[in-house]
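Peer 1: Input: one structure, supplied below.
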Amino acid sequence: MGATIEVLDPTDHGSFVEFHDVYQRSNERDIDQPWSADELRVMLVGDAYERCDSLLLREGETPVAVALAVFPERDNASTAFVEVWVPPELRRRGHGSALLERIELRVAEDGRDQILTETLRPIDAETGSGREFMLARGYAPDTTNVQRELRLPADVPPADPRDGYTLAGWRGSPPREWLDQYARLRSLLNQEAPSGEVTLENEFWDADRLLHEVEQWKRQRRVAHTVVAVAPDGSLAGHTQLLFPHETPEVYQWDTLVLPEHRGRGLGLSLKRQAMRDASDLLAGRGRIVTWNDAQNVNMIAVNEELGYRATAWADQWVKHLA
């Protein structure tokens with residue numbers, strides 16, 4: 001049987017179901033939970049901020065591997081983020097290599113010259129199939145993130161802010177008086193968080209994108225709970241966010257950022273603890289909170305360890321420059 005590669009139309013229900021099935025079977029669920037069909041479909045359709053190209057490889061009529069390239073549209077115009085998924089029982093047959101070669105061509109045709117990707121391996125593993133695959137395909141290691149998890153239920157003592165700072169939170173859309181300030185906080189993560197040698201521009205965020213994100217969550221059947229730190233002068237000093245997928249045991253601890261001029265006051269710990277306390281109703285019945293941070297980010301590592309997180313996996317970051 002010959003192998004064929006086709007471009008996925010995520011609005012075609014039958015093809016999308018095949019894509020999602022291969023994607024789900026390729027993920028190591030003991031390390032990370034794959035996205036639900038609702039979550040993945042919304043992402044693949046794309047929007048004004050990120051465009052997606054999706055490929056499906058068939059052997060005869062049978063789908064055996066899938067791939068995805070994400071193209072930022074308002075920032076980082078030279079970069080694409082790529083993923084390839086092959087179920088364990090179908091690996092080492094050239095499917096992943098064929099898809100990666102094709103998706104690299106699509107990235108180059110789009111005028112982009114840098115590809116970033118990520119592979120996971122258990123915390124006690126020096127290497128893994130994804131790591132060896134990327135090395136064989138000419139990708140260079142950039143940096144390593146540590147994936148940590150906090151088993152639930154967890155004891156969350158208060159960590160009240162000091163020095164005149166206060167905390168506030170919301171679900172869904174940010175309060176209108178904070179839309180612009182919160183958009184600025186969201187845009188600064190690439191600049192402020194430790195990372196590897198690859199330099200990324202700050203992401204484009206404004207009030208419209210924040211409101212658009214909330215609509216995306218509704219379509220994905222997700223709920224987000226956000227907590228911000230408010231400085232004595234009323235400006236936003238930092239934020240954190242818990243993301244609750246629909247009907248899974250996981251919760252995701254997403255961005256946590258405190259602006260440089262407000263650091264040294266324990267705000268990172270206060271923000272994370274307050275988010276868990278505020279969202280206790282959403283945490284009920286969940287199994288774990290999963291988070292990631294760069295292995296060099298000693299401050300956030302210390303916060304996570306104080307909260308009780310333990311390291312479960314390495315998330316290796318890879319880069320390839322197309323010439």
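Labels for the structure tokens follow display order: chains A, B, ..., residues from 1 in each chain, ligands from 1.
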Please build the interface table for stretch 19-86 of chain A against stretch 306-317 of chain A with a cut-off of 12 Å, listing for each qualifying residue the nearest atom pair and the distance in Å to one decimal; count only C-alpha atoms, order rows by chain and increasing number, and write it as CSV.

Peer 2:
```
residue,atom,partner,partner_atom,distance
A:Glu28,CA,A:Ala313,CA,11.1
A:Arg29,CA,A:Ala313,CA,11.9
A:Asp30,CA,A:Thr312,CA,9.4
A:Ile31,CA,A:Ala313,CA,6.8
A:Asp32,CA,A:Ala313,CA,9.1
A:Phe81,CA,A:Gln317,CA,10.8
A:Val82,CA,A:Gln317,CA,11.2
A:Glu83,CA,A:Gln317,CA,11.5
```

Peer 1: Save the residues we just selected, C-alpha atoms, as a JSON list (two decimals), in the first residue's frame?

Peer 2:
```
[["chain", "number", "residue", "atom", "x", "y", "z"],
["A", 28, "GLU", "CA", 1.79, 9.50, 26.25],
["A", 29, "ARG", "CA", -1.11, 9.97, 28.63],
["A", 30, "ASP", "CA", 0.93, 9.20, 31.72],
["A", 31, "ILE", "CA", 2.96, 12.34, 30.95],
["A", 32, "ASP", "CA", 0.37, 14.67, 29.46],
["A", 81, "PHE", "CA", 5.76, 25.99, 15.58],
["A", 82, "VAL", "CA", 5.57, 22.38, 14.38],
["A", 83, "GLU", "CA", 4.39, 19.07, 15.87]]
```

Peer 1: So that I can check the surroundings of A:Ala67, please list as a compact mmCIF listing (two decimals) with C-alpha atoms, in the first residue's frame every protein, DNA and RNA residue that reaches within 7 Å of it, counting only C-alpha atoms and ignoring chain neighbours fewer than 6 positions away.

Peer 2:
```
# COMPACT_ATOMS: atom_id res chain seq x y z
CA SER A 54 -2.52 20.35 9.31
CA LEU A 55 -1.40 17.24 7.44
CA LEU A 56 -2.61 13.65 7.57
CA GLU A 83 4.39 19.07 15.87
CA VAL A 84 4.36 15.55 14.39
CA TRP A 85 2.45 12.64 15.94
CA LEU A 99 5.39 14.34 7.38
```

Peer 1: Would you compute the distance between atom CA of A:Tyr49 and atom CA of A:Gln216? Give it in Å to one decimal.

Peer 2: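 Computing the Euclidean distance for atom CA of A:Tyr49 and atom CA of A:Gln216 yields 12.2 Å.
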
Peer 1: Within 12 Å of A:Ala302, counting only C-alpha atoms, which residues qualify if same-chain residues fewer than 6 places away don't, as JSON, numbers by chain?

Peer 2: {"A": [148, 266, 268, 269, 293, 295, 296, 308, 309, 310]}

Peer 1: Report the residues of stretch 56-297 of chain A whose backbone DSSP state falls under helix (DSSP H, G or I), written as a PyMOL selection string.

Peer 2: chain A and resi 88-90+95-109+129-136+176-187+189-192+207-220+260-262+267-278+280-283
